[in-house]
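Coordinates from data08.tsv are shown below (TSV, C-alpha atoms and all ligand atoms).
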```tsv
chain	number	residue	atom	x	y	z
M	1	MET	CA	88.27	-5.23	-75.99
M	2	THR	CA	89.99	-5.12	-79.34
M	3	SER	CA	88.11	-3.28	-82.11
M	4	ILE	CA	88.36	-3.37	-85.89
M	5	ALA	CA	90.02	0.06	-85.69
M	6	ASP	CA	92.66	-1.30	-83.27
M	7	ILE	CA	93.45	-4.18	-85.63
M	8	VAL	CA	93.62	-1.89	-88.66
M	9	ALA	CA	95.89	0.54	-86.78
M	10	GLU	CA	98.24	-2.32	-85.91
M	11	HIS	CA	98.73	-3.34	-89.56
M	12	GLU	CA	97.85	-0.39	-91.80
M	13	HIS	CA	101.46	0.78	-92.21
M	14	ARG	CA	102.64	-2.64	-93.40
M	15	GLU	CA	103.05	-3.43	-97.04
M	16	GLY	CA	99.99	-5.49	-98.00
M	17	PRO	CA	98.04	-4.99	-94.76
M	18	LEU	CA	94.75	-6.56	-95.87
M	19	LEU	CA	95.50	-10.24	-95.22
M	20	PRO	CA	97.04	-9.71	-91.76
M	21	ILE	CA	94.07	-7.51	-90.83
M	22	LEU	CA	91.57	-10.13	-92.02
M	23	HIS	CA	93.40	-12.90	-90.14
M	24	ASP	CA	93.38	-10.90	-86.92
M	25	VAL	CA	89.73	-9.87	-87.30
M	26	GLN	CA	88.73	-13.50	-87.72
M	27	LYS	CA	90.94	-14.56	-84.81
M	28	VAL	CA	89.38	-11.96	-82.50
M	29	PHE	CA	85.75	-12.08	-83.67
M	30	GLY	CA	85.52	-15.61	-85.12
M	31	HIS	CA	84.40	-14.32	-88.51
M	32	ILE	CA	84.57	-11.26	-90.78
M	33	SER	CA	81.21	-9.53	-90.82
M	34	GLU	CA	79.83	-7.24	-93.53
M	35	ASP	CA	80.33	-4.30	-91.16
M	36	ALA	CA	83.95	-5.31	-90.57
M	37	MET	CA	84.56	-5.57	-94.34
M	38	ARG	CA	83.06	-2.09	-94.81
M	39	ASP	CA	85.23	-0.60	-92.04
M	40	ILE	CA	88.39	-2.30	-93.32
M	41	ALA	CA	87.70	-1.15	-96.88
M	42	HIS	CA	87.16	2.41	-95.70
M	43	ALA	CA	90.33	2.39	-93.58
M	44	LEU	CA	92.51	1.00	-96.39
M	45	ASN	CA	90.89	3.10	-99.13
M	46	LEU	CA	89.68	-0.02	-100.92
M	47	THR	CA	86.25	-0.83	-102.27
M	48	ARG	CA	84.02	-3.19	-100.32
M	49	ALA	CA	84.07	-5.46	-103.36
M	50	GLU	CA	87.87	-5.74	-103.15
M	51	VAL	CA	87.74	-6.75	-99.48
M	52	TYR	CA	84.77	-9.07	-100.06
M	53	GLY	CA	86.63	-10.69	-102.97
M	54	VAL	CA	89.63	-11.51	-100.78
M	55	VAL	CA	87.43	-12.84	-97.96
M	56	SER	CA	85.52	-14.99	-100.43
M	57	PHE	CA	88.64	-16.27	-102.19
M	58	TYR	CA	90.28	-17.77	-99.12
M	59	HIS	CA	88.32	-20.68	-97.66
M	60	ASP	CA	89.72	-20.09	-94.18
M	61	PHE	CA	87.87	-16.78	-93.88
M	62	ARG	CA	84.29	-17.01	-92.61
M	63	LYS	CA	81.65	-14.38	-93.25
M	64	GLU	CA	79.39	-15.76	-90.54
M	65	ALA	CA	80.12	-16.99	-87.06
M	66	GLU	CA	80.63	-20.74	-86.79
M	67	ALA	CA	78.58	-22.09	-83.92
M	68	ARG	CA	80.53	-25.32	-83.75
M	69	SER	CA	84.19	-25.87	-82.99
M	70	VAL	CA	86.24	-26.56	-86.09
M	71	LEU	CA	88.65	-29.48	-86.39
M	72	LYS	CA	90.91	-29.21	-89.41
M	73	LEU	CA	92.15	-32.68	-90.24
M	74	CYS	CA	95.13	-32.98	-92.55
M	75	ARG	CA	94.17	-34.94	-95.66
M	76	ALA	CA	97.46	-34.62	-97.55
M	77	GLU	CA	99.54	-37.58	-98.71
M	78	ALA	CA	101.76	-38.24	-95.66
M	79	CYS	CA	98.80	-38.16	-93.29
M	80	LYS	CA	96.83	-40.37	-95.68
M	81	ALA	CA	99.70	-42.85	-95.64
M	82	ARG	CA	99.59	-42.75	-91.84
M	83	GLY	CA	95.87	-43.56	-91.71
M	84	VAL	CA	93.94	-40.30	-91.55
M	85	ASP	CA	91.13	-41.70	-93.71
M	86	ALA	CA	90.17	-44.07	-90.89
M	87	LEU	CA	89.89	-41.11	-88.51
M	88	VAL	CA	87.50	-39.06	-90.64
M	89	PRO	CA	84.33	-41.03	-89.71
M	90	ILE	CA	85.22	-40.75	-86.02
M	91	ALA	CA	85.66	-36.98	-86.31
M	92	GLU	CA	82.49	-36.57	-88.37
M	93	SER	CA	80.44	-38.56	-85.86
M	94	GLN	CA	80.52	-35.56	-83.50
M	95	SER	CA	77.69	-33.22	-84.47
M	96	ARG	CA	79.03	-30.41	-82.31
M	97	VAL	CA	82.34	-30.35	-84.19
M	98	LYS	CA	82.72	-29.20	-87.79
M	99	VAL	CA	85.37	-31.19	-89.64
M	100	GLU	CA	87.29	-29.48	-92.43
M	101	ALA	CA	90.11	-30.76	-94.61
M	102	ILE	CA	93.46	-29.03	-94.55
M	103	TYR	CA	96.44	-29.95	-96.69
M	104	CYS	CA	99.70	-30.33	-94.77
M	105	LEU	CA	100.46	-28.76	-91.45
M	106	GLY	CA	104.19	-29.41	-91.75
M	107	LEU	CA	103.95	-32.35	-89.35
M	108	CYS	CA	104.20	-35.04	-91.99
M	109	SER	CA	106.57	-37.30	-90.06
M	110	VAL	CA	104.30	-37.30	-87.00
M	111	GLY	CA	100.90	-37.45	-88.68
M	112	PRO	CA	98.05	-37.85	-88.84
M	113	ALA	CA	97.84	-34.22	-87.79
M	114	ALA	CA	95.04	-31.79	-87.01
M	115	LEU	CA	94.55	-28.13	-86.16
M	116	VAL	CA	92.06	-26.70	-83.66
M	117	ASP	CA	92.15	-22.91	-83.34
M	118	ASP	CA	95.91	-22.25	-83.35
M	119	GLN	CA	96.90	-25.53	-81.69
M	120	VAL	CA	98.31	-28.42	-83.71
M	121	TYR	CA	97.89	-32.07	-82.75
M	122	ALA	CA	100.06	-34.88	-84.09
M	123	ARG	CA	100.30	-38.68	-83.91
M	124	LEU	CA	96.52	-38.93	-83.91
M	125	ASP	CA	94.97	-42.34	-83.64
M	126	SER	CA	91.38	-43.19	-82.81
M	127	ALA	CA	91.92	-42.93	-79.04
M	128	ARG	CA	93.80	-39.62	-79.20
M	129	LEU	CA	91.25	-38.20	-81.64
M	130	ARG	CA	88.35	-39.19	-79.36
M	131	ASN	CA	90.11	-37.48	-76.43
M	132	LEU	CA	90.63	-34.37	-78.52
M	133	LEU	CA	86.98	-34.35	-79.65
M	134	GLU	CA	85.79	-34.69	-76.05
M	135	ALA	CA	87.99	-31.77	-75.01
M	136	MET	CA	86.59	-29.52	-77.75
Z	201	LIG	S1	100.76	-34.38	-94.85
Z	201	LIG	FE1	99.71	-34.06	-92.99
Z	201	LIG	S2	101.04	-32.75	-91.92
Z	201	LIG	FE2	102.00	-32.95	-93.86
```
Please re-express this file's structure in structure tokens.
Ligand code: FES
Amino acid sequence: MTSIADIVAEHEHREGPLLPILHDVQKVFGHISEDAMRDIAHALNLTRAEVYGVVSFYHDFRKEAEARSVLKLCRAEACKARGVDALVPIAESQSRVKVEAIYCLGLCSVGPAALVDDQVYARLDSARLRNLLEAM
């Protein structure tokens, strides 16, 4: 199993290693715990406040584990023009799925688009969204 030390070792020689480390920690553990922030700060010779500040600044980083699956639904202009607003109530009707807004996944011509974990979904309509929600 991958540890915080493994992730730090993979990135610590890069220029600006903190963000890649935080992304990988969240990817592996689902969130960035206080203990992880302390270990990362120690490894990079930063203060805990510096690491905490970065984790707090970026909304994609979570300090606590999310019990529900997260659906990030693109709410930017092209997806709005393609009808994403009508899909929001459908997505939010699932209590076991947390719906978050994201602004452009680079799939503007095939929106509405969504992101679940690292997988993108395009050309969403109510039927495709319901299938995706059932699969989550
Ligand atoms: S506006 Fe939604 S993917 Fe670009």
Pick from M:Asp125, M:Glu77, M:Glu134, M:Asp118: nearest to ligand LIG 201 (chain Z), with only C-alpha atoms and all ligand atoms counted?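 Among M:Asp125, M:Glu77, M:Glu134, M:Asp118, it is M:Glu77 that comes nearest to ligand LIG 201 (chain Z).
Among the candidates M:Leu115, M:Leu46, M:Met1, M:Ile40, the residue lying nearest to ligand LIG 201 (chain Z) is M:Leu115 (atoms considered: all atoms listed in the file).
Here atom CA of M:Gly16 is placed at a distance of 25.4 Å from atom CA of M:Ala65.
Remark: residues at most 7 Å from position (90.6, -26.7, -95.3) in file coordinates are His59, Asp60, Lys72, Glu100, Ala101, Ile102 and Tyr103 of chain M, using all atoms listed in the file.
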Write the residues of the preceding selection, restricted to C-alpha atoms, as a tab-separated table (two decimals), in the coordinates of the input.
```tsv
chain	number	residue	atom	x	y	z
M	59	HIS	CA	88.32	-20.68	-97.66
M	60	ASP	CA	89.72	-20.09	-94.18
M	72	LYS	CA	90.91	-29.21	-89.41
M	100	GLU	CA	87.29	-29.48	-92.43
M	101	ALA	CA	90.11	-30.76	-94.61
M	102	ILE	CA	93.46	-29.03	-94.55
M	103	TYR	CA	96.44	-29.95	-96.69
```
If I wrap all listed atoms of ligand LIG 201 (chain Z) in a box with edges along x, y and z and add 4 Å on each side, what are its centre and edge lengths in Å to one decimal, as AutoDock Vina command-line options?
```
--center_x 100.9 --center_y -33.6 --center_z -93.4 --size_x 10.3 --size_y 9.6 --size_z 10.9
```
Output requested as a compact mmCIF listing (two decimals), in the frame of the given file - stretch 45-63 of chain M, filled out with N, CA, C and O atoms.
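Contents of part_26.txt, freshly written:
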```txt
# COMPACT_ATOMS: atom_id res chain seq x y z
N ASN M 45 91.20 2.43 -97.86
CA ASN M 45 90.89 3.10 -99.13
C ASN M 45 90.72 2.08 -100.27
O ASN M 45 91.22 2.28 -101.38
N LEU M 46 90.02 0.99 -99.94
CA LEU M 46 89.68 -0.02 -100.92
C LEU M 46 88.16 -0.02 -101.10
O LEU M 46 87.43 0.55 -100.27
N THR M 47 87.69 -0.67 -102.14
CA THR M 47 86.25 -0.83 -102.27
C THR M 47 85.82 -2.02 -101.42
O THR M 47 86.61 -2.91 -101.11
N ARG M 48 84.54 -2.04 -101.06
CA ARG M 48 84.02 -3.19 -100.32
C ARG M 48 84.14 -4.45 -101.16
O ARG M 48 84.38 -5.54 -100.64
N ALA M 49 83.97 -4.30 -102.47
CA ALA M 49 84.07 -5.46 -103.36
C ALA M 49 85.48 -6.06 -103.32
O ALA M 49 85.64 -7.29 -103.38
N GLU M 50 86.49 -5.21 -103.22
CA GLU M 50 87.87 -5.74 -103.15
C GLU M 50 88.06 -6.56 -101.87
O GLU M 50 88.65 -7.64 -101.89
N VAL M 51 87.59 -6.04 -100.75
CA VAL M 51 87.74 -6.75 -99.48
C VAL M 51 86.90 -8.02 -99.51
O VAL M 51 87.36 -9.10 -99.13
N TYR M 52 85.67 -7.91 -99.98
CA TYR M 52 84.77 -9.07 -100.06
C TYR M 52 85.39 -10.14 -100.96
O TYR M 52 85.33 -11.33 -100.65
N GLY M 53 86.01 -9.74 -102.05
CA GLY M 53 86.63 -10.69 -102.97
C GLY M 53 87.74 -11.48 -102.29
O GLY M 53 87.85 -12.69 -102.50
N VAL M 54 88.54 -10.81 -101.49
CA VAL M 54 89.63 -11.51 -100.78
C VAL M 54 89.04 -12.45 -99.74
O VAL M 54 89.46 -13.61 -99.62
N VAL M 55 88.06 -11.99 -98.99
CA VAL M 55 87.43 -12.84 -97.96
C VAL M 55 86.80 -14.07 -98.61
O VAL M 55 86.91 -15.19 -98.09
N SER M 56 86.18 -13.88 -99.75
CA SER M 56 85.52 -14.99 -100.43
C SER M 56 86.51 -15.96 -101.06
O SER M 56 86.24 -17.15 -101.16
N PHE M 57 87.66 -15.43 -101.49
CA PHE M 57 88.64 -16.27 -102.19
C PHE M 57 89.28 -17.30 -101.27
O PHE M 57 89.48 -18.45 -101.64
N TYR M 58 89.59 -16.88 -100.05
CA TYR M 58 90.28 -17.77 -99.12
C TYR M 58 89.27 -18.53 -98.27
O TYR M 58 88.48 -17.93 -97.55
N HIS M 59 89.32 -19.86 -98.35
CA HIS M 59 88.32 -20.68 -97.66
C HIS M 59 88.43 -20.59 -96.15
O HIS M 59 87.47 -20.91 -95.45
N ASP M 60 89.58 -20.18 -95.64
CA ASP M 60 89.72 -20.09 -94.18
C ASP M 60 88.96 -18.91 -93.59
O ASP M 60 88.70 -18.89 -92.39
N PHE M 61 88.63 -17.93 -94.40
CA PHE M 61 87.87 -16.78 -93.88
C PHE M 61 86.39 -17.11 -93.87
O PHE M 61 85.84 -17.63 -94.82
N ARG M 62 85.73 -16.78 -92.75
CA ARG M 62 84.29 -17.01 -92.61
C ARG M 62 83.56 -15.69 -92.54
O ARG M 62 83.97 -14.79 -91.81
N LYS M 63 82.45 -15.60 -93.27
CA LYS M 63 81.65 -14.38 -93.25
C LYS M 63 80.59 -14.42 -92.15
O LYS M 63 79.99 -13.42 -91.83
```
